[in-house]
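Novice: My questions all concern the structure below.
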Amino acid sequence: MVKCTLITLGALKEEYLSRAVEEYKKRISGFAEVTEINLKDEKLITESPAEVASALEAEADKILAKIPEGAYTVALCVEGKEHSSEAFAELIGAACDTQGKLCFIIGSSYGLSPRVKQKADARISFSKMTFPHGLMRAILTEQIYRAFTILKGKKYHK
């Protein structure tokens with residue numbers, strides 16, 4: 001069975017979003033073994049550019065240590081490529097066929113370190129719009145589930 005790891009930074013505070021993420025993780029488990037790794041984000045005092053850069057590097061150390069060996073790694077970032085649901089499914093299907101392991105990374109509210117983006121096999125963006133961190137986690141898990149249903153020819157995707 002395919003292994004799917006979700007690496008996220010920061011706590012998911014909203015109960016309704018937690019329920020949505022859990023529901024989609026449960027649905028994904030019919031197609032892949034899902035592991036979610038929630039890392040503590042770095043707290044900033046001044047939000048100066050130097051402090052943000054330092055925080056992103058500290059978060060990068062944590063993230064890079066948790067990426068499973070040999071996993072096809074996808075970083076979610078604003079400058080990433082946008083995909084249709086079908087194209088996203090193709091990306092996931094190809095990664096499953098070649099590597100059997102997927103890893104998706106959602107950074108903190110300040111994004112991801114360039115080191116994490118460089119390590120990733122793909123950088124994707126779900127929109128040019130900005131979404132709350134917790135909502136993005138729900139959107140990502142829903143889209144992963146949708147991708148698997150597309151790949152398996154299930155009726156969920158329209």
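Note on naming: chains are A, B, ... as they come in the structure tokens, residues start from 1 per chain, ligands start from 1 in the order shown.
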Can you pull out the residues contacting A:Ile92? Cut-off 9 Å, using only C-alpha atoms, and skip same-chain residues under 6 positions away; I want them as a ChimeraX atom specification.
Specialist: /A:72,102,144,147-148,151
Novice: Among stretch 11-152 of chain A, which ones does DSSP place in helix (DSSP H, G or I), written as number ranges by chain?
Specialist: A: 15-28, 49-66, 85-98, 114-119, 133-151
Novice: List the spatial neighbours of A:Ile106 as a tab-separated table (two decimals) with N, CA and C atoms, in the first residue's frame - criterion: any atom at most 7 Å away, only C-alpha atoms, same-chain residues fewer than 5 positions off excluded.
Specialist:
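File produced: out_36.tsv:
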chain	number	residue	atom	x	y	z
A	7	ILE	N	3.26	16.61	6.38
A	7	ILE	CA	4.05	17.35	7.36
A	7	ILE	C	3.50	18.77	7.40
A	8	THR	N	3.06	19.19	8.58
A	8	THR	CA	2.49	20.52	8.74
A	8	THR	C	3.11	21.21	9.94
A	9	LEU	N	3.09	22.53	9.90
A	9	LEU	CA	3.60	23.31	11.03
A	9	LEU	C	2.45	24.03	11.71
A	75	ALA	N	6.02	20.28	-1.92
A	75	ALA	CA	5.95	21.45	-1.05
A	75	ALA	C	4.82	22.35	-1.55
A	76	LEU	N	3.95	22.74	-0.64
A	76	LEU	CA	2.91	23.70	-1.00
A	76	LEU	C	3.48	25.09	-0.78
Novice: Write out as JSON lines the residues of stretch 49-157 of chain A that have any atom within 7 Å of an atom of stretch 24-27 of chain A, one row each with the nearest atom pair and its distance in Å to one decimal, counting only C-alpha atoms, sorted by chain and then rising number.
Specialist:
{"residue": "A:Thr141", "atom": "CA", "partner": "A:Tyr24", "partner_atom": "CA", "distance": 5.6}
{"residue": "A:Glu142", "atom": "CA", "partner": "A:Tyr24", "partner_atom": "CA", "distance": 5.7}
{"residue": "A:Tyr145", "atom": "CA", "partner": "A:Tyr24", "partner_atom": "CA", "distance": 6.5}
Novice: Between A:Leu44, A:Ala120, A:Ile37, A:Leu64, which is the closest to A:Leu12 once you count only C-alpha atoms?
Specialist: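 Looking at the shortest contact to A:Leu12, the residue is A:Ile37.
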Novice: Measuring atom to atom with only C-alpha atoms, identify which of A:Lys13, A:Lys117, A:Lys66, A:Lys3 is nearest to A:Gly30.
Specialist: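 Ranked by minimum distance to A:Gly30, first place goes to A:Lys3.
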Novice: Do you know which residues are at most 8 Å from A:Pro68 counting only C-alpha atoms, after dropping those on the same chain fewer than 6 positions away, and could you put them as a PDB file with all heavy atoms, in the first residue's frame?
Specialist:
ATOM      1  N   THR A   5       2.548  10.790   3.708  1.00  0.00           N
ATOM      2  CA  THR A   5       2.897  11.553   4.902  1.00  0.00           C
ATOM      3  C   THR A   5       2.538  13.011   4.684  1.00  0.00           C
ATOM      4  O   THR A   5       2.854  13.586   3.639  1.00  0.00           O
ATOM      5  CB  THR A   5       4.407  11.429   5.200  1.00  0.00           C
ATOM      6  OG1 THR A   5       4.739  10.049   5.356  1.00  0.00           O
ATOM      7  CG2 THR A   5       4.786  12.194   6.456  1.00  0.00           C
ATOM      8  N   LYS A 101       5.758   6.186  -2.114  1.00  0.00           N
ATOM      9  CA  LYS A 101       5.655   7.032  -0.921  1.00  0.00           C
ATOM     10  C   LYS A 101       5.452   8.469  -1.367  1.00  0.00           C
ATOM     11  O   LYS A 101       6.137   8.954  -2.275  1.00  0.00           O
ATOM     12  CB  LYS A 101       6.935   6.992  -0.093  1.00  0.00           C
ATOM     13  CG  LYS A 101       7.273   5.690   0.545  1.00  0.00           C
ATOM     14  CD  LYS A 101       8.520   5.906   1.401  1.00  0.00           C
ATOM     15  CE  LYS A 101       9.325   4.655   1.541  1.00  0.00           C
ATOM     16  NZ  LYS A 101      10.594   4.893   2.227  1.00  0.00           N
ATOM     17  N   CYS A 103       4.958  12.565   0.201  1.00  0.00           N
ATOM     18  CA  CYS A 103       5.097  13.447   1.351  1.00  0.00           C
ATOM     19  C   CYS A 103       4.673  14.844   0.922  1.00  0.00           C
ATOM     20  O   CYS A 103       5.207  15.394  -0.047  1.00  0.00           O
ATOM     21  CB  CYS A 103       6.541  13.457   1.852  1.00  0.00           C
ATOM     22  SG  CYS A 103       6.795  14.536   3.279  1.00  0.00           S
TER      23      CYS A 103
END
Novice: So, with only C-alpha atoms as the atoms that count, which of A:Arg146, A:Lys155, A:Lys81, A:Arg137 lies closest to A:Ala122?
Specialist: A:Lys81
Novice: Taking into account only C-alpha atoms, which residue in the set A:Met129, A:Arg19, A:Cys4, A:Tyr156 is nearest to A:Glu82?
Specialist: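 Selected residue with least distance to A:Glu82: A:Met129.
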Novice: I need the residue nearest A:Arg123 from this list: A:Ile139, A:Gly153, A:Thr73, A:Ser108. Use only C-alpha atoms for the distance.
Specialist: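 Of A:Ile139, A:Gly153, A:Thr73, A:Ser108, the one nearest A:Arg123 is A:Thr73, counting only C-alpha atoms.
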Novice: Find the distance between atom CA of A:Glu90 and atom CA of A:Pro114 and write it in Å to one decimal.
Specialist: 25.6 Å
Novice: With a distance cut-off of 12 Å and only C-alpha atoms, select the neighbouring residues of A:Tyr16, excluding the residue or stretch itself and same-chain residues fewer than 4 positions from it, and output the selection as a list of chain:residue names.
Specialist: A:Leu12, A:Ala20, A:Val21, A:Glu22, A:Glu23, A:Gly134, A:Leu135, A:Arg137, A:Ala138
Novice: Write a file of the selected residues as a compact mmCIF listing (two decimals), in the first residue's frame, keeping N, CA, C and O atoms.
Specialist:
# COMPACT_ATOMS: atom_id res chain seq x y z
N LEU A 12 -3.61 22.91 14.68
CA LEU A 12 -4.91 23.12 14.04
C LEU A 12 -5.90 23.40 15.17
O LEU A 12 -6.27 22.50 15.92
N ALA A 20 -12.77 17.93 9.58
CA ALA A 20 -12.67 17.78 8.13
C ALA A 20 -11.39 17.04 7.75
O ALA A 20 -11.41 16.10 6.94
N VAL A 21 -10.26 17.44 8.33
CA VAL A 21 -8.98 16.79 8.05
C VAL A 21 -9.05 15.31 8.44
O VAL A 21 -8.63 14.44 7.67
N GLU A 22 -9.59 15.02 9.61
CA GLU A 22 -9.70 13.63 10.05
C GLU A 22 -10.60 12.81 9.13
O GLU A 22 -10.31 11.65 8.84
N GLU A 23 -11.69 13.41 8.68
CA GLU A 23 -12.60 12.70 7.76
C GLU A 23 -11.89 12.35 6.46
O GLU A 23 -11.98 11.21 5.98
N GLY A 134 -5.19 26.28 8.65
CA GLY A 134 -6.04 25.12 8.93
C GLY A 134 -6.93 24.76 7.75
O GLY A 134 -7.14 23.58 7.45
N LEU A 135 -7.45 25.76 7.08
CA LEU A 135 -8.30 25.51 5.91
C LEU A 135 -7.47 24.86 4.80
O LEU A 135 -7.95 23.95 4.11
N ARG A 137 -5.00 22.86 5.18
CA ARG A 137 -4.84 21.45 5.54
C ARG A 137 -6.07 20.64 5.13
O ARG A 137 -5.96 19.52 4.61
N ALA A 138 -7.24 21.22 5.33
CA ALA A 138 -8.48 20.54 4.93
C ALA A 138 -8.56 20.44 3.41
O ALA A 138 -8.92 19.38 2.87
